[in-house]
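Asks: Here you go, one structure.
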Amino acid sequence: MRRSRLAQAAVAVAAAAGLALAGCGDTDLPNGEEQADLSVLATDVPQIQTLKKLTKKHFTAETGITVDYTVLPENEAREQMNREFATQAGRHDVASVSAYEVPIYSDNGWLAPLDAYVKADEDFDQDDVFPNLVTSLTGEDGKLYAEPFYAEGSFLMYRKDLFRKDGLTMPPNPTWQQVADLAARVDGTDGASGICLRGLPGWGQNLAPVNTVVNTFGGAWYDMDWNARLTSPEFKKAVEFYVDLLRNHGQPGAARMGVLEILDRFVQGKCAMMYDATSLASSIEADSSSVKGKVGYVPAPHDRTGKAGWLWTWAWGIQQASENKDAAWEFISWASSREFQELVGREVGWTSAPAGNRKSLYEKPEYQQAAGAWYRQEYTAATDSADPENPGVGPRPYDGIGFLSIPEFAVLGTAVSEQIAAAIAGRQSVDAALDKSQDLAQAAAAKYRDE
């Protein structure tokens, strides 16, 4: 797949965005230290906060390398990272990049390849990293550009107690139609919605699960000539299914609810089912959850494909402009190691260990015991989810499961998600939403068609 022209457009857009965000990061410097050896830009998630707390005590103590963290909410972190990497300012040595950024950044030469470091560092054990994650973090030149810190797939979570009450049985590998039928039957039991799904606009919100439904229903955003296919029968059927399921048996106010909102409803016992990220399981089984011990986990629902679901990772990449690449690899090889997972397990708790990236974690009896309710399905999602290079039916000119690995998608996906949210809210029909989205998608890929 050729990305050069769109990649060049990404550079121009990022450079035109102006000065980088004002400093609002979190610093982990020893007292009296004016400047750290490494600057790390990261998204504000619980796993990063745990990492930050352990860095000085362990990594700096063992290596002598000090680390300055800039930790920001996801959207702000992405904005700062795009500006920083586009200009190659070199302010941050390491950043938490995702499988969406890696192909774009590597094509532009913004990331340093890691192959030589991996080859020289036998203790890192690259073979322990799940192969599908390695594939998603590899550039078109065949080089590795990032190492996963943690990863997640998606699966279906359901209330075993409500199913028993209604005499229902969850299939071990459900289809979406079976899920819809079950949602209709369990809807209202003990006041719970039949199913909770993301409805909030955002390419990382409602569009993440919608895309997995599109893939397994046989839809695609583009044909091999980069003609938009959002009004195709397969794409339309998938979106209609998702919207109808939410409108008929989903949570109230679905169009305003993203992942955090539906998670909150689920742990309060207000959802009979929820399809979302495997990383949510530790919250669902936390002591504060009203549904702890009452939840079953099965693979992501499918339709025309044998398997579905998404694959996502926050990974560590080194900015090409960094003058501290060796120290940056020291940090990455620690933060993405099995030793770090064990450290978290011992000092914080095994369910807080960054999961989904290494096979060895799932062989640990301690993790198996702590994550007993869900670790098998989490492992399955990590090893046997949809293929990022071919997640649906038939060929497509782009990679990605819950997203399209092209620079235009951040803007395009958000715009399409807003149209779908309007359909979920009942402000327009699915046909109207997809007609508008088709025009947006067709315009977004004009440069690809020109190539």
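To be explicit about the labels: the chains of the structure tokens are called A, B, and onward in the order shown, and within each one the residues are counted from 1, while ligands get numbers from 1 in the order they are shown.
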Skip region 333-345 of chain A itself and residues of its chain fewer than 3 positions away, then list as a PDB file with N, CA and C atoms, in the first residue's frame all residues within 7 Å of it, counting only C-alpha atoms.
Replies:
ATOM      1  N   PHE A 124      15.769  -9.365  26.292  1.00  0.00           N
ATOM      2  CA  PHE A 124      14.442  -8.808  26.045  1.00  0.00           C
ATOM      3  C   PHE A 124      13.450  -9.880  25.591  1.00  0.00           C
ATOM      4  N   GLU A 147       7.703  -1.192  20.484  1.00  0.00           N
ATOM      5  CA  GLU A 147       7.503  -2.381  21.317  1.00  0.00           C
ATOM      6  C   GLU A 147       6.261  -2.166  22.182  1.00  0.00           C
ATOM      7  N   PRO A 148       5.368  -3.159  22.228  1.00  0.00           N
ATOM      8  CA  PRO A 148       4.107  -2.983  22.960  1.00  0.00           C
ATOM      9  C   PRO A 148       4.309  -2.907  24.469  1.00  0.00           C
ATOM     10  N   PHE A 149       3.697  -1.897  25.077  1.00  0.00           N
ATOM     11  CA  PHE A 149       3.676  -1.766  26.535  1.00  0.00           C
ATOM     12  C   PHE A 149       2.544  -2.612  27.101  1.00  0.00           C
ATOM     13  N   TRP A 329      16.315   2.985  24.388  1.00  0.00           N
ATOM     14  CA  TRP A 329      16.093   1.546  24.301  1.00  0.00           C
ATOM     15  C   TRP A 329      16.198   0.894  25.680  1.00  0.00           C
ATOM     16  N   GLU A 330      17.105   1.373  26.515  1.00  0.00           N
ATOM     17  CA  GLU A 330      17.186   0.845  27.881  1.00  0.00           C
ATOM     18  C   GLU A 330      15.832   0.985  28.582  1.00  0.00           C
ATOM     19  N   VAL A 348       2.308  -4.118  43.081  1.00  0.00           N
ATOM     20  CA  VAL A 348       1.013  -3.450  42.917  1.00  0.00           C
ATOM     21  C   VAL A 348      -0.133  -4.456  42.912  1.00  0.00           C
ATOM     22  N   GLY A 349       0.070  -5.578  42.253  1.00  0.00           N
ATOM     23  CA  GLY A 349      -0.988  -6.585  42.122  1.00  0.00           C
ATOM     24  C   GLY A 349      -0.998  -7.111  40.701  1.00  0.00           C
ATOM     25  N   TRP A 350      -1.256  -8.407  40.552  1.00  0.00           N
ATOM     26  CA  TRP A 350      -1.138  -9.026  39.230  1.00  0.00           C
ATOM     27  C   TRP A 350      -2.169  -8.525  38.239  1.00  0.00           C
ATOM     28  N   SER A 352      -2.984  -5.595  37.853  1.00  0.00           N
ATOM     29  CA  SER A 352      -2.523  -4.290  37.370  1.00  0.00           C
ATOM     30  C   SER A 352      -1.363  -4.412  36.398  1.00  0.00           C
ATOM     31  N   ALA A 353      -0.849  -5.619  36.203  1.00  0.00           N
ATOM     32  CA  ALA A 353       0.268  -5.806  35.277  1.00  0.00           C
ATOM     33  C   ALA A 353      -0.182  -5.480  33.862  1.00  0.00           C
ATOM     34  N   PRO A 354       0.625  -4.732  33.087  1.00  0.00           N
ATOM     35  CA  PRO A 354       0.254  -4.458  31.693  1.00  0.00           C
ATOM     36  C   PRO A 354       0.184  -5.769  30.919  1.00  0.00           C
TER      37      PRO A 354
END
Asks: Got a sec: who's within 6 Å of Ser193 (chain A), counting only C-alpha atoms, leaving out chain neighbours fewer than 2 positions off, as a list in words?
Replies: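 The contact residues come out as Asp187, Gly188, Ile195, Gly250, Gln251, Cys271 and Ala272 of chain A.
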Asks: Please, could you write that set of residues out with N, CA and C atoms as a short mmCIF file (atom, residue, chain, number, x, y, z; two decimals), in the first residue's frame?
Replies:
data_model
loop_
_atom_site.label_atom_id
_atom_site.label_comp_id
_atom_site.auth_asym_id
_atom_site.auth_seq_id
_atom_site.Cartn_x
_atom_site.Cartn_y
_atom_site.Cartn_z
N ASP A 187 -33.32 -8.22 28.11
CA ASP A 187 -33.54 -6.78 28.30
C ASP A 187 -34.59 -6.53 29.38
N GLY A 188 -34.25 -5.74 30.38
CA GLY A 188 -35.17 -5.38 31.44
C GLY A 188 -35.09 -6.25 32.68
N ILE A 195 -27.99 -4.87 26.35
CA ILE A 195 -26.57 -4.79 26.00
C ILE A 195 -26.13 -3.33 26.09
N GLY A 250 -30.29 -1.29 23.90
CA GLY A 250 -29.10 -0.71 24.51
C GLY A 250 -29.43 0.21 25.67
N GLN A 251 -28.41 0.84 26.20
CA GLN A 251 -28.55 1.72 27.35
C GLN A 251 -29.21 3.04 26.96
N CYS A 271 -26.29 -3.38 32.99
CA CYS A 271 -26.18 -3.96 31.65
C CYS A 271 -26.14 -5.48 31.78
N ALA A 272 -26.86 -6.16 30.92
CA ALA A 272 -26.81 -7.62 30.91
C ALA A 272 -25.63 -8.13 30.09
#
Asks: What is the CA of Thr383 (chain A)-CA of Ala308 (chain A) distance in Å, reported with one decimal?
Replies: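 That distance, rounded to one decimal, is 12.0 Å.
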Asks: Might you pull out every residue within 7 Å of region 74-77 of chain A, with only C-alpha atoms counted and same-chain residues fewer than 5 positions away left off, and present them as a PyMOL selection string?
Replies: chain A and resi 42-44
Asks: The selected residues should be written to file as a compact mmCIF listing (two decimals), in the first residue's frame (atoms: N, CA and C atoms).
Replies:
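Wrote part36.txt, looks like this:
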# COMPACT_ATOMS: atom_id res chain seq x y z
N ALA A 42 3.56 10.24 27.16
CA ALA A 42 2.69 9.07 27.30
C ALA A 42 1.24 9.47 27.53
N THR A 43 0.35 8.56 27.18
CA THR A 43 -1.08 8.75 27.41
C THR A 43 -1.41 8.44 28.87
N ASP A 44 -2.37 9.16 29.40
CA ASP A 44 -2.72 9.02 30.81
C ASP A 44 -3.70 7.87 31.01
Asks: If you run DSSP on the backbone here, which positions in region 138-322 of chain A get alpha helix (DSSP H)? Please write them as a PDB file with C-alpha atoms, in the first residue's frame.
Replies:
ATOM      1  CA  LYS A 160     -24.256 -15.103  34.224  1.00  0.00           C
ATOM      2  CA  ASP A 161     -26.727 -14.481  37.057  1.00  0.00           C
ATOM      3  CA  LEU A 162     -29.238 -12.715  34.783  1.00  0.00           C
ATOM      4  CA  PHE A 163     -28.885 -15.380  32.115  1.00  0.00           C
ATOM      5  CA  ARG A 164     -29.604 -18.092  34.682  1.00  0.00           C
ATOM      6  CA  LYS A 165     -32.617 -16.157  35.928  1.00  0.00           C
ATOM      7  CA  TRP A 176     -24.018 -11.198  16.321  1.00  0.00           C
ATOM      8  CA  GLN A 177     -27.522 -12.436  15.561  1.00  0.00           C
ATOM      9  CA  GLN A 178     -27.406 -14.711  18.601  1.00  0.00           C
ATOM     10  CA  VAL A 179     -26.287 -11.743  20.694  1.00  0.00           C
ATOM     11  CA  ALA A 180     -29.165  -9.630  19.387  1.00  0.00           C
ATOM     12  CA  ASP A 181     -31.657 -12.409  20.185  1.00  0.00           C
ATOM     13  CA  LEU A 182     -30.261 -12.782  23.694  1.00  0.00           C
ATOM     14  CA  ALA A 183     -30.315  -9.011  24.236  1.00  0.00           C
ATOM     15  CA  ALA A 184     -34.011  -8.952  23.378  1.00  0.00           C
ATOM     16  CA  ARG A 185     -34.790 -11.730  25.852  1.00  0.00           C
ATOM     17  CA  VAL A 186     -32.703 -10.473  28.789  1.00  0.00           C
ATOM     18  CA  LEU A 207     -16.277   3.537  15.469  1.00  0.00           C
ATOM     19  CA  ALA A 208     -13.959   0.992  17.128  1.00  0.00           C
ATOM     20  CA  PRO A 209     -16.718  -1.591  17.747  1.00  0.00           C
ATOM     21  CA  VAL A 210     -18.689  -0.555  14.654  1.00  0.00           C
ATOM     22  CA  ASN A 211     -15.685  -1.331  12.460  1.00  0.00           C
ATOM     23  CA  THR A 212     -15.433  -4.860  13.862  1.00  0.00           C
ATOM     24  CA  VAL A 213     -19.099  -5.395  12.993  1.00  0.00           C
ATOM     25  CA  VAL A 214     -18.523  -3.984   9.498  1.00  0.00           C
ATOM     26  CA  ASN A 215     -15.555  -6.308   8.985  1.00  0.00           C
ATOM     27  CA  THR A 216     -17.326  -9.482  10.044  1.00  0.00           C
ATOM     28  CA  PRO A 233     -25.166  -3.472   1.190  1.00  0.00           C
ATOM     29  CA  GLU A 234     -22.655  -5.091   3.570  1.00  0.00           C
ATOM     30  CA  PHE A 235     -21.566  -1.846   5.199  1.00  0.00           C
ATOM     31  CA  LYS A 236     -25.153  -0.636   5.491  1.00  0.00           C
ATOM     32  CA  LYS A 237     -26.328  -3.935   7.000  1.00  0.00           C
ATOM     33  CA  ALA A 238     -23.602  -3.781   9.648  1.00  0.00           C
ATOM     34  CA  VAL A 239     -24.305  -0.197  10.711  1.00  0.00           C
ATOM     35  CA  GLU A 240     -28.071  -0.772  10.703  1.00  0.00           C
ATOM     36  CA  PHE A 241     -27.554  -3.824  12.905  1.00  0.00           C
ATOM     37  CA  TYR A 242     -25.426  -1.894  15.406  1.00  0.00           C
ATOM     38  CA  VAL A 243     -27.738   1.116  15.511  1.00  0.00           C
ATOM     39  CA  ASP A 244     -30.892  -1.004  15.817  1.00  0.00           C
ATOM     40  CA  LEU A 245     -29.364  -3.132  18.570  1.00  0.00           C
ATOM     41  CA  LEU A 246     -28.500  -0.029  20.579  1.00  0.00           C
ATOM     42  CA  ARG A 247     -31.803   1.719  19.953  1.00  0.00           C
ATOM     43  CA  ASN A 248     -33.909  -1.354  20.764  1.00  0.00           C
ATOM     44  CA  HIS A 249     -31.999  -3.010  23.597  1.00  0.00           C
ATOM     45  CA  VAL A 259     -16.198   3.322  26.933  1.00  0.00           C
ATOM     46  CA  LEU A 260     -15.950   4.840  30.423  1.00  0.00           C
ATOM     47  CA  GLU A 261     -19.681   5.525  30.635  1.00  0.00           C
ATOM     48  CA  ILE A 262     -20.749   2.033  29.622  1.00  0.00           C
ATOM     49  CA  LEU A 263     -18.140   0.481  31.904  1.00  0.00           C
ATOM     50  CA  ASP A 264     -19.630   2.471  34.773  1.00  0.00           C
ATOM     51  CA  ARG A 265     -23.102   1.189  33.940  1.00  0.00           C
ATOM     52  CA  PHE A 266     -21.887  -2.380  33.686  1.00  0.00           C
ATOM     53  CA  VAL A 267     -20.117  -2.414  37.057  1.00  0.00           C
ATOM     54  CA  ALA A 281     -12.082  -6.958  32.869  1.00  0.00           C
ATOM     55  CA  SER A 282      -9.878  -5.927  35.794  1.00  0.00           C
ATOM     56  CA  SER A 283     -12.341  -3.112  36.597  1.00  0.00           C
ATOM     57  CA  ILE A 284     -15.322  -5.423  36.240  1.00  0.00           C
TER      58      ILE A 284
END
